[in-house]
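Asker: data_15.cif (mmCIF, C-alpha atoms) pasted underneath:
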```
data_start
loop_
_atom_site.group_PDB
_atom_site.id
_atom_site.type_symbol
_atom_site.label_atom_id
_atom_site.label_comp_id
_atom_site.auth_asym_id
_atom_site.auth_seq_id
_atom_site.Cartn_x
_atom_site.Cartn_y
_atom_site.Cartn_z
ATOM 1 C CA MET Q 1 60.237 -91.538 -16.257
ATOM 2 C CA THR Q 2 59.364 -90.878 -19.876
ATOM 3 C CA THR Q 3 63.041 -90.551 -20.694
ATOM 4 C CA ALA Q 4 63.807 -93.903 -19.089
ATOM 5 C CA ILE Q 5 61.051 -95.562 -21.134
ATOM 6 C CA ASP Q 6 62.342 -93.878 -24.293
ATOM 7 C CA VAL Q 7 65.829 -95.185 -23.586
ATOM 8 C CA PHE Q 8 64.423 -98.659 -23.008
ATOM 9 C CA ILE Q 9 62.494 -98.553 -26.306
ATOM 10 C CA ALA Q 10 65.554 -97.321 -28.164
ATOM 11 C CA PHE Q 11 67.702 -100.011 -26.557
ATOM 12 C CA CYS Q 12 65.280 -102.792 -27.545
ATOM 13 C CA VAL Q 13 64.719 -101.689 -31.129
ATOM 14 C CA LEU Q 14 68.317 -100.689 -31.867
ATOM 15 C CA SER Q 15 69.950 -103.736 -30.287
ATOM 16 C CA GLY Q 16 67.387 -105.957 -32.024
ATOM 17 C CA SER Q 17 68.187 -104.456 -35.414
ATOM 18 C CA LEU Q 18 71.919 -104.615 -34.703
ATOM 19 C CA LEU Q 19 71.561 -108.302 -33.894
ATOM 20 C CA VAL Q 20 69.885 -108.900 -37.243
ATOM 21 C CA LEU Q 21 72.754 -107.050 -38.925
ATOM 22 C CA THR Q 22 75.293 -109.074 -36.924
ATOM 23 C CA SER Q 23 73.637 -112.310 -37.979
ATOM 24 C CA ALA Q 24 73.749 -111.236 -41.604
ATOM 25 C CA LEU Q 25 77.485 -110.477 -41.330
ATOM 26 C CA ALA Q 26 78.055 -113.791 -39.555
ATOM 27 C CA MET Q 27 76.288 -115.569 -42.398
ATOM 28 C CA PHE Q 28 78.795 -113.989 -44.781
ATOM 29 C CA ARG Q 29 81.684 -115.172 -42.616
ATOM 30 C CA ALA Q 30 80.453 -118.761 -42.198
ATOM 31 C CA LYS Q 31 81.563 -121.065 -44.966
ATOM 32 C CA ASP Q 32 78.950 -123.798 -45.294
ATOM 33 C CA ALA Q 33 75.170 -123.934 -45.363
ATOM 34 C CA LEU Q 34 74.725 -125.561 -41.940
ATOM 35 C CA SER Q 35 76.902 -122.971 -40.191
ATOM 36 C CA ARG Q 36 74.970 -120.204 -41.937
ATOM 37 C CA ILE Q 37 71.668 -121.540 -40.630
ATOM 38 C CA ASN Q 38 73.307 -121.919 -37.216
ATOM 39 C CA VAL Q 39 74.594 -118.344 -36.902
ATOM 40 C CA PHE Q 40 71.231 -116.957 -37.985
ATOM 41 C CA SER Q 41 69.698 -117.895 -34.611
ATOM 42 C CA PRO Q 42 70.603 -114.597 -32.834
ATOM 43 C CA ALA Q 43 68.385 -112.695 -35.276
ATOM 44 C CA THR Q 44 65.350 -114.922 -34.919
ATOM 45 C CA GLY Q 45 65.826 -115.955 -31.311
ATOM 46 C CA LEU Q 46 66.755 -112.604 -29.774
ATOM 47 C CA GLY Q 47 66.843 -109.755 -32.317
ATOM 48 C CA MET Q 48 63.315 -109.848 -33.664
ATOM 49 C CA PRO Q 49 61.671 -110.570 -30.268
ATOM 50 C CA LEU Q 50 63.542 -107.527 -28.900
ATOM 51 C CA VAL Q 51 62.128 -105.380 -31.714
ATOM 52 C CA ILE Q 52 58.630 -106.635 -30.868
ATOM 53 C CA VAL Q 53 59.115 -105.797 -27.175
ATOM 54 C CA GLY Q 54 60.335 -102.320 -28.120
ATOM 55 C CA CYS Q 55 57.372 -101.725 -30.424
ATOM 56 C CA TYR Q 56 54.904 -102.946 -27.807
ATOM 57 C CA VAL Q 57 56.301 -100.646 -25.118
ATOM 58 C CA TYR Q 58 56.230 -97.771 -27.618
ATOM 59 C CA LEU Q 59 52.545 -98.401 -28.331
ATOM 60 C CA LEU Q 60 51.883 -98.771 -24.597
ATOM 61 C CA GLN Q 61 53.472 -95.414 -23.902
ATOM 62 C CA ARG Q 62 51.787 -93.630 -26.783
ATOM 63 C CA GLU Q 63 48.280 -95.058 -26.839
ATOM 64 C CA GLY Q 64 47.852 -96.563 -23.385
ATOM 65 C CA PHE Q 65 47.105 -100.146 -22.461
ATOM 66 C CA SER Q 66 45.126 -102.171 -24.948
ATOM 67 C CA LEU Q 67 44.304 -105.850 -24.616
ATOM 68 C CA TYR Q 68 44.428 -106.191 -28.387
ATOM 69 C CA HIS Q 69 47.998 -104.853 -28.588
ATOM 70 C CA LEU Q 70 49.078 -107.117 -25.731
ATOM 71 C CA PHE Q 71 47.543 -110.123 -27.495
ATOM 72 C CA ILE Q 72 49.191 -109.282 -30.815
ATOM 73 C CA GLY Q 73 52.523 -108.723 -29.086
ATOM 74 C CA LEU Q 74 52.407 -112.012 -27.185
ATOM 75 C CA VAL Q 75 51.345 -113.977 -30.264
ATOM 76 C CA GLY Q 76 54.123 -112.386 -32.314
ATOM 77 C CA PHE Q 77 56.719 -113.042 -29.619
ATOM 78 C CA ALA Q 78 55.777 -116.690 -29.110
ATOM 79 C CA SER Q 79 55.372 -117.349 -32.824
ATOM 80 C CA LEU Q 80 58.811 -115.978 -33.611
ATOM 81 C CA ILE Q 81 60.461 -118.245 -31.035
ATOM 82 C CA ILE Q 82 58.538 -121.386 -32.021
ATOM 83 C CA VAL Q 83 58.380 -120.882 -35.777
ATOM 84 C CA SER Q 84 62.004 -119.830 -36.156
ATOM 85 C CA SER Q 85 63.360 -122.873 -34.326
ATOM 86 C CA ILE Q 86 61.149 -125.294 -36.250
ATOM 87 C CA ALA Q 87 61.973 -123.525 -39.516
ATOM 88 C CA SER Q 88 65.704 -123.800 -38.759
ATOM 89 C CA ASN Q 89 65.276 -127.522 -38.063
ATOM 90 C CA THR Q 90 63.469 -127.984 -41.355
ATOM 91 C CA LEU Q 91 66.038 -125.932 -43.245
ATOM 92 C CA SER Q 92 68.966 -127.875 -41.839
ATOM 93 C CA ARG Q 93 67.330 -131.220 -42.587
ATOM 94 C CA ALA Q 94 66.569 -130.069 -46.131
ATOM 95 C CA THR Q 95 70.164 -128.864 -46.511
ATOM 96 C CA LEU Q 96 71.563 -132.240 -45.532
ATOM 97 C CA LEU Q 97 69.077 -134.252 -47.579
ATOM 98 C CA SER Q 98 69.834 -132.177 -50.672
ATOM 99 C CA GLY Q 99 73.474 -133.298 -50.370
ATOM 100 C CA SER Q 100 75.052 -129.950 -49.608
ATOM 101 C CA PRO Q 101 78.668 -130.499 -48.459
ATOM 102 C CA VAL Q 102 79.588 -129.625 -44.899
ATOM 103 C CA HIS Q 103 82.659 -127.606 -43.886
ATOM 104 C CA ARG Q 104 85.966 -129.387 -44.564
ATOM 105 C CA TYR Q 105 86.991 -129.124 -40.919
ATOM 106 C CA THR Q 106 83.776 -130.510 -39.478
ATOM 107 C CA ARG Q 107 85.416 -132.793 -36.916
ATOM 108 C CA PRO Q 108 83.987 -135.053 -35.772
ATOM 109 C CA ASN Q 109 81.215 -135.542 -38.319
ATOM 110 C CA ARG Q 110 79.081 -138.269 -36.809
ATOM 111 C CA LEU Q 111 76.772 -138.282 -39.813
ATOM 112 C CA ALA Q 112 79.635 -139.554 -41.945
ATOM 113 C CA TYR Q 113 81.535 -141.628 -39.370
ATOM 114 C CA ALA Q 114 80.225 -143.430 -36.315
ATOM 115 C CA ARG Q 115 81.955 -142.921 -32.987
ATOM 116 C CA GLY Q 116 85.429 -144.452 -33.087
ATOM 117 C CA GLU Q 117 85.685 -144.512 -36.896
ATOM 118 C CA ASP Q 118 86.581 -140.929 -37.797
ATOM 119 C CA PRO Q 119 90.198 -140.938 -39.040
ATOM 120 C CA HIS Q 120 90.716 -137.290 -38.019
ATOM 121 C CA VAL Q 121 89.419 -137.597 -34.497
ATOM 122 C CA ASP Q 122 89.592 -141.218 -33.456
ATOM 123 C CA GLY Q 123 92.848 -142.254 -35.150
ATOM 124 C CA PRO Q 124 93.467 -143.878 -38.553
ATOM 125 C CA ALA Q 125 90.767 -146.505 -38.275
ATOM 126 C CA ALA Q 126 88.918 -145.608 -41.434
ATOM 127 C CA MET Q 127 90.102 -146.506 -44.906
ATOM 128 C CA HIS Q 128 89.866 -143.401 -47.032
ATOM 129 C CA GLU Q 129 90.689 -139.737 -46.559
ATOM 130 C CA PRO Q 130 87.552 -137.614 -46.766
ATOM 131 C CA ASP Q 131 88.506 -134.536 -48.756
ATOM 132 C CA GLU Q 132 85.013 -133.208 -48.692
ATOM 133 C CA ALA Q 133 83.075 -134.974 -46.033
ATOM 134 C CA GLN Q 134 79.800 -135.755 -47.702
ATOM 135 C CA VAL Q 135 77.021 -136.745 -45.395
ATOM 136 C CA GLY Q 136 75.051 -139.890 -45.921
ATOM 137 C CA ASP Q 137 71.419 -140.169 -46.815
ATOM 138 C CA GLU Q 138 68.647 -140.536 -44.299
ATOM 139 C CA ALA Q 139 68.523 -144.341 -44.449
ATOM 140 C CA GLN Q 140 72.192 -144.503 -43.542
ATOM 141 C CA VAL Q 141 71.621 -142.064 -40.703
ATOM 142 C CA GLY Q 142 68.968 -144.317 -39.225
ATOM 143 C CA ASP Q 143 71.247 -147.344 -39.311
ATOM 144 C CA GLU Q 144 74.277 -145.616 -38.026
ATOM 145 C CA PRO Q 145 74.069 -145.682 -34.205
ATOM 146 C CA ARG Q 146 74.443 -149.423 -33.781
ATOM 147 C CA GLY Q 147 74.645 -150.877 -37.272
ATOM 148 C CA ASP Q 148 72.601 -153.885 -38.230
ATOM 149 C CA ASP Q 149 72.124 -156.697 -35.810
ATOM 150 C CA PRO Q 150 72.441 -160.069 -37.490
ATOM 151 C CA ALA Q 151 71.270 -161.903 -34.383
ATOM 152 C CA GLY Q 152 67.965 -160.068 -34.258
ATOM 153 C CA ASN Q 153 64.878 -161.375 -36.018
ATOM 154 C CA MET Y 1 53.925 -134.809 -14.403
ATOM 155 C CA VAL Y 2 54.780 -131.350 -15.708
ATOM 156 C CA ASN Y 3 56.075 -129.011 -13.051
ATOM 157 C CA PRO Y 4 54.938 -125.488 -14.135
ATOM 158 C CA LEU Y 5 57.387 -123.644 -11.888
ATOM 159 C CA ARG Y 6 60.318 -125.670 -13.172
ATOM 160 C CA LEU Y 7 59.076 -125.176 -16.743
ATOM 161 C CA ILE Y 8 59.092 -121.397 -16.244
ATOM 162 C CA GLY Y 9 62.562 -121.741 -14.734
ATOM 163 C CA TYR Y 10 63.618 -123.732 -17.785
ATOM 164 C CA PHE Y 11 62.354 -121.014 -20.140
ATOM 165 C CA LEU Y 12 64.251 -118.375 -18.150
ATOM 166 C CA TRP Y 13 67.377 -120.522 -18.324
ATOM 167 C CA MET Y 14 66.837 -120.868 -22.092
ATOM 168 C CA GLY Y 15 66.715 -117.081 -22.323
ATOM 169 C CA LYS Y 16 70.080 -116.915 -20.586
ATOM 170 C CA GLU Y 17 71.471 -119.564 -22.954
ATOM 171 C CA ILE Y 18 70.210 -117.615 -25.984
ATOM 172 C CA VAL Y 19 71.973 -114.473 -24.736
ATOM 173 C CA THR Y 20 75.276 -116.279 -24.045
ATOM 174 C CA GLY Y 21 75.074 -118.049 -27.425
ATOM 175 C CA THR Y 22 74.479 -114.697 -29.104
ATOM 176 C CA VAL Y 23 77.572 -113.300 -27.396
ATOM 177 C CA ASP Y 24 79.546 -116.303 -28.723
ATOM 178 C CA VAL Y 25 78.361 -115.616 -32.274
ATOM 179 C CA ILE Y 26 79.279 -111.913 -31.989
ATOM 180 C CA VAL Y 27 82.725 -112.665 -30.507
ATOM 181 C CA ALA Y 28 83.424 -115.209 -33.255
ATOM 182 C CA LEU Y 29 82.514 -112.587 -35.851
ATOM 183 C CA PHE Y 30 85.592 -110.584 -34.799
ATOM 184 C CA THR Y 31 87.858 -113.605 -34.348
ATOM 185 C CA PRO Y 32 89.926 -114.971 -37.235
ATOM 186 C CA ARG Y 33 88.500 -118.336 -38.299
ATOM 187 C CA GLY Y 34 85.770 -117.938 -35.697
ATOM 188 C CA TYR Y 35 83.340 -120.257 -37.465
ATOM 189 C CA SER Y 36 85.924 -122.716 -38.731
ATOM 190 C CA SER Y 37 85.703 -125.525 -36.198
ATOM 191 C CA PRO Y 38 82.196 -126.920 -36.493
ATOM 192 C CA MET Y 39 81.324 -130.439 -35.449
ATOM 193 C CA ILE Y 40 78.357 -132.754 -35.824
ATOM 194 C CA VAL Y 41 77.851 -134.839 -32.702
ATOM 195 C CA GLN Y 42 75.625 -137.842 -32.231
ATOM 196 C CA LEU Y 43 73.361 -137.493 -29.219
ATOM 197 C CA PRO Y 44 71.302 -140.495 -28.048
ATOM 198 C CA LEU Y 45 68.347 -139.153 -26.107
ATOM 199 C CA ARG Y 46 66.710 -139.937 -22.796
ATOM 200 C CA CYS Y 47 63.579 -138.153 -24.044
ATOM 201 C CA THR Y 48 60.880 -140.647 -24.985
ATOM 202 C CA THR Y 49 57.666 -138.868 -25.963
ATOM 203 C CA ASP Y 50 57.187 -136.825 -29.123
ATOM 204 C CA LEU Y 51 56.587 -133.674 -27.071
ATOM 205 C CA GLU Y 52 59.848 -134.062 -25.148
ATOM 206 C CA ILE Y 53 61.855 -134.740 -28.301
ATOM 207 C CA THR Y 54 60.267 -131.803 -30.145
ATOM 208 C CA MET Y 55 60.852 -129.426 -27.252
ATOM 209 C CA PHE Y 56 64.445 -130.548 -26.863
ATOM 210 C CA ALA Y 57 65.169 -130.256 -30.597
ATOM 211 C CA SER Y 58 63.598 -126.791 -30.680
ATOM 212 C CA SER Y 59 65.552 -125.723 -27.600
ATOM 213 C CA ILE Y 60 68.805 -126.842 -29.207
ATOM 214 C CA THR Y 61 68.063 -125.054 -32.459
ATOM 215 C CA ILE Y 62 66.916 -121.777 -30.880
ATOM 216 C CA THR Y 63 70.219 -121.573 -28.987
ATOM 217 C CA PRO Y 64 72.768 -119.796 -31.207
ATOM 218 C CA GLY Y 65 75.711 -122.080 -31.927
ATOM 219 C CA THR Y 66 73.832 -125.359 -31.878
ATOM 220 C CA LEU Y 67 71.528 -126.718 -34.570
ATOM 221 C CA VAL Y 68 69.721 -130.028 -34.992
ATOM 222 C CA ALA Y 69 70.819 -131.372 -38.357
ATOM 223 C CA ALA Y 70 69.141 -134.782 -38.438
ATOM 224 C CA ILE Y 71 66.903 -136.957 -36.313
ATOM 225 C CA ALA Y 72 67.005 -140.753 -36.172
ATOM 226 C CA ALA Y 73 63.880 -142.319 -34.730
ATOM 227 C CA SER Y 74 64.010 -145.027 -32.113
ATOM 228 C CA ASP Y 75 63.566 -148.375 -33.858
ATOM 229 C CA GLY Y 76 62.870 -150.629 -30.934
ATOM 230 C CA ALA Y 77 63.839 -151.249 -27.379
ATOM 231 C CA ASP Y 78 67.603 -150.971 -27.874
ATOM 232 C CA ASP Y 79 68.159 -147.876 -29.996
ATOM 233 C CA PRO Y 80 67.088 -144.621 -28.376
ATOM 234 C CA PRO Y 81 65.937 -141.709 -30.531
ATOM 235 C CA THR Y 82 69.040 -139.868 -31.644
ATOM 236 C CA LEU Y 83 69.742 -136.287 -32.641
ATOM 237 C CA PHE Y 84 72.659 -135.213 -34.807
ATOM 238 C CA VAL Y 85 73.609 -131.755 -33.594
ATOM 239 C CA HIS Y 86 75.744 -129.259 -35.477
ATOM 240 C CA VAL Y 87 77.842 -127.424 -32.862
ATOM 241 C CA LEU Y 88 79.892 -124.335 -33.735
ATOM 242 C CA PHE Y 89 81.601 -123.214 -30.544
ATOM 243 C CA ALA Y 90 82.748 -126.175 -28.477
ATOM 244 C CA GLY Y 91 86.240 -127.183 -27.438
ATOM 245 C CA SER Y 92 85.688 -130.899 -27.857
ATOM 246 C CA GLU Y 93 83.000 -133.427 -28.630
ATOM 247 C CA ASP Y 94 82.680 -134.448 -24.972
ATOM 248 C CA GLU Y 95 82.296 -130.835 -23.872
ATOM 249 C CA ALA Y 96 79.547 -130.271 -26.428
ATOM 250 C CA MET Y 97 77.718 -133.431 -25.355
ATOM 251 C CA THR Y 98 77.993 -132.532 -21.668
ATOM 252 C CA ASP Y 99 76.351 -129.160 -22.343
ATOM 253 C CA LEU Y 100 73.585 -130.746 -24.411
ATOM 254 C CA TYR Y 101 72.894 -133.419 -21.795
ATOM 255 C CA ASP Y 102 72.714 -130.694 -19.162
ATOM 256 C CA MET Y 103 70.017 -128.985 -21.217
ATOM 257 C CA GLU Y 104 68.174 -132.304 -21.615
ATOM 258 C CA ARG Y 105 68.346 -132.928 -17.860
ATOM 259 C CA ARG Y 106 66.820 -129.520 -17.116
ATOM 260 C CA LEU Y 107 64.052 -130.043 -19.671
ATOM 261 C CA LEU Y 108 63.186 -133.548 -18.462
ATOM 262 C CA THR Y 109 63.240 -132.430 -14.823
ATOM 263 C CA ALA Y 110 60.667 -129.758 -15.717
ATOM 264 C CA MET Y 111 58.563 -132.087 -17.861
ATOM 265 C CA ARG Y 112 58.554 -135.127 -15.572
ATOM 266 C CA GLY Y 113 58.933 -133.530 -12.170
ATOM 267 C CA LYS Y 114 62.034 -135.573 -11.371
ATOM 268 C CA PRO Y 115 65.495 -135.652 -12.940
ATOM 269 C CA PRO Y 116 66.288 -138.467 -15.415
ATOM 270 C CA ARG Y 117 69.048 -140.991 -14.844
ATOM 271 C CA PRO Y 118 72.497 -139.632 -15.755
ATOM 272 C CA ALA Y 119 73.407 -140.073 -19.428
ATOM 273 C CA LEU Y 120 76.629 -141.828 -18.503
ATOM 274 C CA GLU Y 121 74.621 -144.455 -16.648
ATOM 275 C CA VAL Y 122 72.008 -144.894 -19.396
ATOM 276 C CA PHE Y 123 74.249 -145.069 -22.448
ATOM 277 C CA GLY Y 124 77.562 -146.037 -20.867
ATOM 278 C CA ARG Y 125 79.524 -144.301 -23.650
ATOM 279 C CA ASP Y 126 81.332 -147.602 -24.172
ATOM 280 C CA GLU Y 127 81.464 -147.239 -27.955
ATOM 281 C CA ALA Y 128 84.187 -144.594 -27.725
#
```
For this file, write the structure as structure tokens.
Answerer:
Amino acid sequence: MTTAIDVFIAFCVLSGSLLVLTSALAMFRAKDALSRINVFSPATGLGMPLVIVGCYVYLLQREGFSLYHLFIGLVGFASLIIVSSIASNTLSRATLLSGSPVHRYTRPNRLAYARGEDPHVDGPAAMHEPDEAQVGDEAQVGDEPRGDDPAGN
Amino acid sequence: MVNPLRLIGYFLWMGKEIVTGTVDVIVALFTPRGYSSPMIVQLPLRCTTDLEITMFASSITITPGTLVAAIAASDGADDPPTLFVHVLFAGSEDEAMTDLYDMERRLLTAMRGKPPRPALEVFGRDEA
């Protein structure tokens, strides 16, 4: 029984750390800032929670059940999931608003072209060739889905 | 009305999605040009309340391979709130949007107790 628990702890901690390493390598491979934030999710969404689970089971095995440890473990687990997703949202918004270019082959890029206007995806409807598709600012993003409505008051 | 059992089911399903997304990221790491076909799709939402939109945006971002890049607020009766989602591993724009709408349907079914109207019916997709 002890061996099985040891194997479980080792599996959690080692696979969690390997996932963090994998995410780091994936961030090297990805070419633009948005993709880098995107491929970091395995570390924060799965890797670090696995390490926490492994550590909690280790403490459980070594020191017995403690409400305090359970509380700390649950808070850490939930915080990692919630905080990492909100932090990634904030990072990606900040990346776009700072004007960082997106990958050249981002097709379609609906932040730059509305549906039906992307020359690469929807045919040659647009005027110019976007060598580096630069995304618009936030005001343009808000207007983009329908455009302005001259009939409205 | 929030359905707690369905919400737990949704969180379990999210766990499965996180694992499959992680596998995608790992496979792409060993594939030539694995991260070289990203797309940013425009996703009009059926979510209406702040809580639903926040939960959906967080669910998208926590899933490896998808990331919310920008949010456009609803500005009246006509324009729904819209997410711009950066998608790394999808064959086409329609495929990516089908997956995302499936996630939204599961979330809204858990949050409201009944499934929302199909996205095709609500938005029509006539602008394509």
Asker: Compute the distance from (58.8, -101.7, -28.8) to each atom, counting all atoms listed in the file, keep the residues with any atom at most 10 Å away, and return them as a PyMOL selection string; use the coordinates of the file.
Answerer: chain Q and resi 6+8-13+49-61+73
Asker: Using only C-alpha atoms and a cut-off of 6 Å, which residues of chain Y sit close to chain Q? Please list them as number ranges by chain.
Answerer: Y: 22, 29, 35, 38-42, 58, 61-62, 64-65, 67-70, 72, 128
Asker: Output C-alpha atoms for every residue in the selection just made, as a compact mmCIF listing (two decimals), in the frame of the given file.
Answerer:
```
# COMPACT_ATOMS: atom_id res chain seq x y z
CA THR Y 22 74.48 -114.70 -29.10
CA LEU Y 29 82.51 -112.59 -35.85
CA TYR Y 35 83.34 -120.26 -37.47
CA PRO Y 38 82.20 -126.92 -36.49
CA MET Y 39 81.32 -130.44 -35.45
CA ILE Y 40 78.36 -132.75 -35.82
CA VAL Y 41 77.85 -134.84 -32.70
CA GLN Y 42 75.62 -137.84 -32.23
CA SER Y 58 63.60 -126.79 -30.68
CA THR Y 61 68.06 -125.05 -32.46
CA ILE Y 62 66.92 -121.78 -30.88
CA PRO Y 64 72.77 -119.80 -31.21
CA GLY Y 65 75.71 -122.08 -31.93
CA LEU Y 67 71.53 -126.72 -34.57
CA VAL Y 68 69.72 -130.03 -34.99
CA ALA Y 69 70.82 -131.37 -38.36
CA ALA Y 70 69.14 -134.78 -38.44
CA ALA Y 72 67.00 -140.75 -36.17
CA ALA Y 128 84.19 -144.59 -27.72
```
Asker: Between atom CA of Y:Leu83 and atom CA of Y:Leu45, what distance in Å does the model show, to one decimal?
Answerer: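 These atoms are spaced 7.3 Å apart.
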Asker: Rounded to one decimal place, report the atom CA of Y:Arg105-atom CA of Y:Leu43 distance in Å.
Answerer: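 Distance between the two atoms: 13.2 Å.
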Asker: Report the distance between atom CA of Y:Met14 and atom CA of Y:Met103 in Å, rounded to one decimal place.
Answerer: 8.8 Å
Asker: Residues within 8 Å of stretch 108-121 of chain Y, please, as a PyMOL selection string. Count all atoms listed in the file; anything in the same chain fewer than 6 positions from it doesn't count.
Answerer: chain Y and resi 1-7+10+46-47+52+101
Asker: Selected residues, C-alpha atoms, written as a compact mmCIF listing (two decimals), in the frame of the given file, please.
Answerer:
```
# COMPACT_ATOMS: atom_id res chain seq x y z
CA MET Y 1 53.92 -134.81 -14.40
CA VAL Y 2 54.78 -131.35 -15.71
CA ASN Y 3 56.08 -129.01 -13.05
CA PRO Y 4 54.94 -125.49 -14.14
CA LEU Y 5 57.39 -123.64 -11.89
CA ARG Y 6 60.32 -125.67 -13.17
CA LEU Y 7 59.08 -125.18 -16.74
CA TYR Y 10 63.62 -123.73 -17.78
CA ARG Y 46 66.71 -139.94 -22.80
CA CYS Y 47 63.58 -138.15 -24.04
CA GLU Y 52 59.85 -134.06 -25.15
CA TYR Y 101 72.89 -133.42 -21.80
```
Asker: Show which residues sit within 7 Å of Y:Pro44, as a ChimeraX atom specification. Count only C-alpha atoms, and ignore same-chain residues fewer than 4 positions away.
Answerer: /Y:80-83
Asker: Could you rebuild stretch 77-94 of chain Q with N, CA and C atoms and give it back as an mmCIF file, in the coordinates of the input?
Answerer:
```cif
data_model
loop_
_atom_site.group_PDB
_atom_site.id
_atom_site.type_symbol
_atom_site.label_atom_id
_atom_site.label_comp_id
_atom_site.auth_asym_id
_atom_site.auth_seq_id
_atom_site.Cartn_x
_atom_site.Cartn_y
_atom_site.Cartn_z
ATOM 1 N N PHE Q 77 55.528 -112.615 -30.364
ATOM 2 C CA PHE Q 77 56.719 -113.042 -29.619
ATOM 3 C C PHE Q 77 56.836 -114.569 -29.611
ATOM 4 N N ALA Q 78 55.736 -115.228 -29.198
ATOM 5 C CA ALA Q 78 55.777 -116.690 -29.110
ATOM 6 C C ALA Q 78 55.955 -117.315 -30.485
ATOM 7 N N SER Q 79 55.268 -116.768 -31.490
ATOM 8 C CA SER Q 79 55.372 -117.349 -32.824
ATOM 9 C C SER Q 79 56.789 -117.270 -33.350
ATOM 10 N N LEU Q 80 57.442 -116.126 -33.117
ATOM 11 C CA LEU Q 80 58.811 -115.978 -33.611
ATOM 12 C C LEU Q 80 59.717 -117.051 -33.020
ATOM 13 N N ILE Q 81 59.605 -117.263 -31.694
ATOM 14 C CA ILE Q 81 60.461 -118.245 -31.035
ATOM 15 C C ILE Q 81 60.187 -119.653 -31.585
ATOM 16 N N ILE Q 82 58.886 -120.013 -31.627
ATOM 17 C CA ILE Q 82 58.538 -121.386 -32.021
ATOM 18 C C ILE Q 82 58.811 -121.598 -33.503
ATOM 19 N N VAL Q 83 58.285 -120.683 -34.337
ATOM 20 C CA VAL Q 83 58.380 -120.882 -35.777
ATOM 21 C C VAL Q 83 59.839 -120.851 -36.236
ATOM 22 N N SER Q 84 60.634 -119.938 -35.648
ATOM 23 C CA SER Q 84 62.004 -119.830 -36.156
ATOM 24 C C SER Q 84 62.804 -121.081 -35.819
ATOM 25 N N SER Q 85 62.574 -121.677 -34.630
ATOM 26 C CA SER Q 85 63.360 -122.873 -34.326
ATOM 27 C C SER Q 85 62.920 -124.037 -35.199
ATOM 28 N N ILE Q 86 61.614 -124.180 -35.417
ATOM 29 C CA ILE Q 86 61.149 -125.294 -36.250
ATOM 30 C C ILE Q 86 61.582 -125.069 -37.693
ATOM 31 N N ALA Q 87 61.542 -123.816 -38.148
ATOM 32 C CA ALA Q 87 61.973 -123.525 -39.516
ATOM 33 C C ALA Q 87 63.458 -123.824 -39.688
ATOM 34 N N SER Q 88 64.273 -123.499 -38.653
ATOM 35 C CA SER Q 88 65.704 -123.800 -38.759
ATOM 36 C C SER Q 88 65.936 -125.306 -38.815
ATOM 37 N N ASN Q 89 65.167 -126.063 -38.003
ATOM 38 C CA ASN Q 89 65.276 -127.522 -38.063
ATOM 39 C C ASN Q 89 64.978 -128.031 -39.462
ATOM 40 N N THR Q 90 63.876 -127.527 -40.028
ATOM 41 C CA THR Q 90 63.469 -127.984 -41.355
ATOM 42 C C THR Q 90 64.503 -127.607 -42.401
ATOM 43 N N LEU Q 91 65.021 -126.377 -42.293
ATOM 44 C CA LEU Q 91 66.038 -125.932 -43.245
ATOM 45 C C LEU Q 91 67.281 -126.807 -43.181
ATOM 46 N N SER Q 92 67.727 -127.111 -41.944
ATOM 47 C CA SER Q 92 68.966 -127.875 -41.839
ATOM 48 C C SER Q 92 68.770 -129.296 -42.347
ATOM 49 N N ARG Q 93 67.601 -129.879 -42.070
ATOM 50 C CA ARG Q 93 67.330 -131.220 -42.587
ATOM 51 C C ARG Q 93 67.305 -131.195 -44.117
ATOM 52 N N ALA Q 94 66.644 -130.170 -44.673
ATOM 53 C CA ALA Q 94 66.569 -130.069 -46.131
ATOM 54 C C ALA Q 94 67.955 -129.877 -46.725
#
```
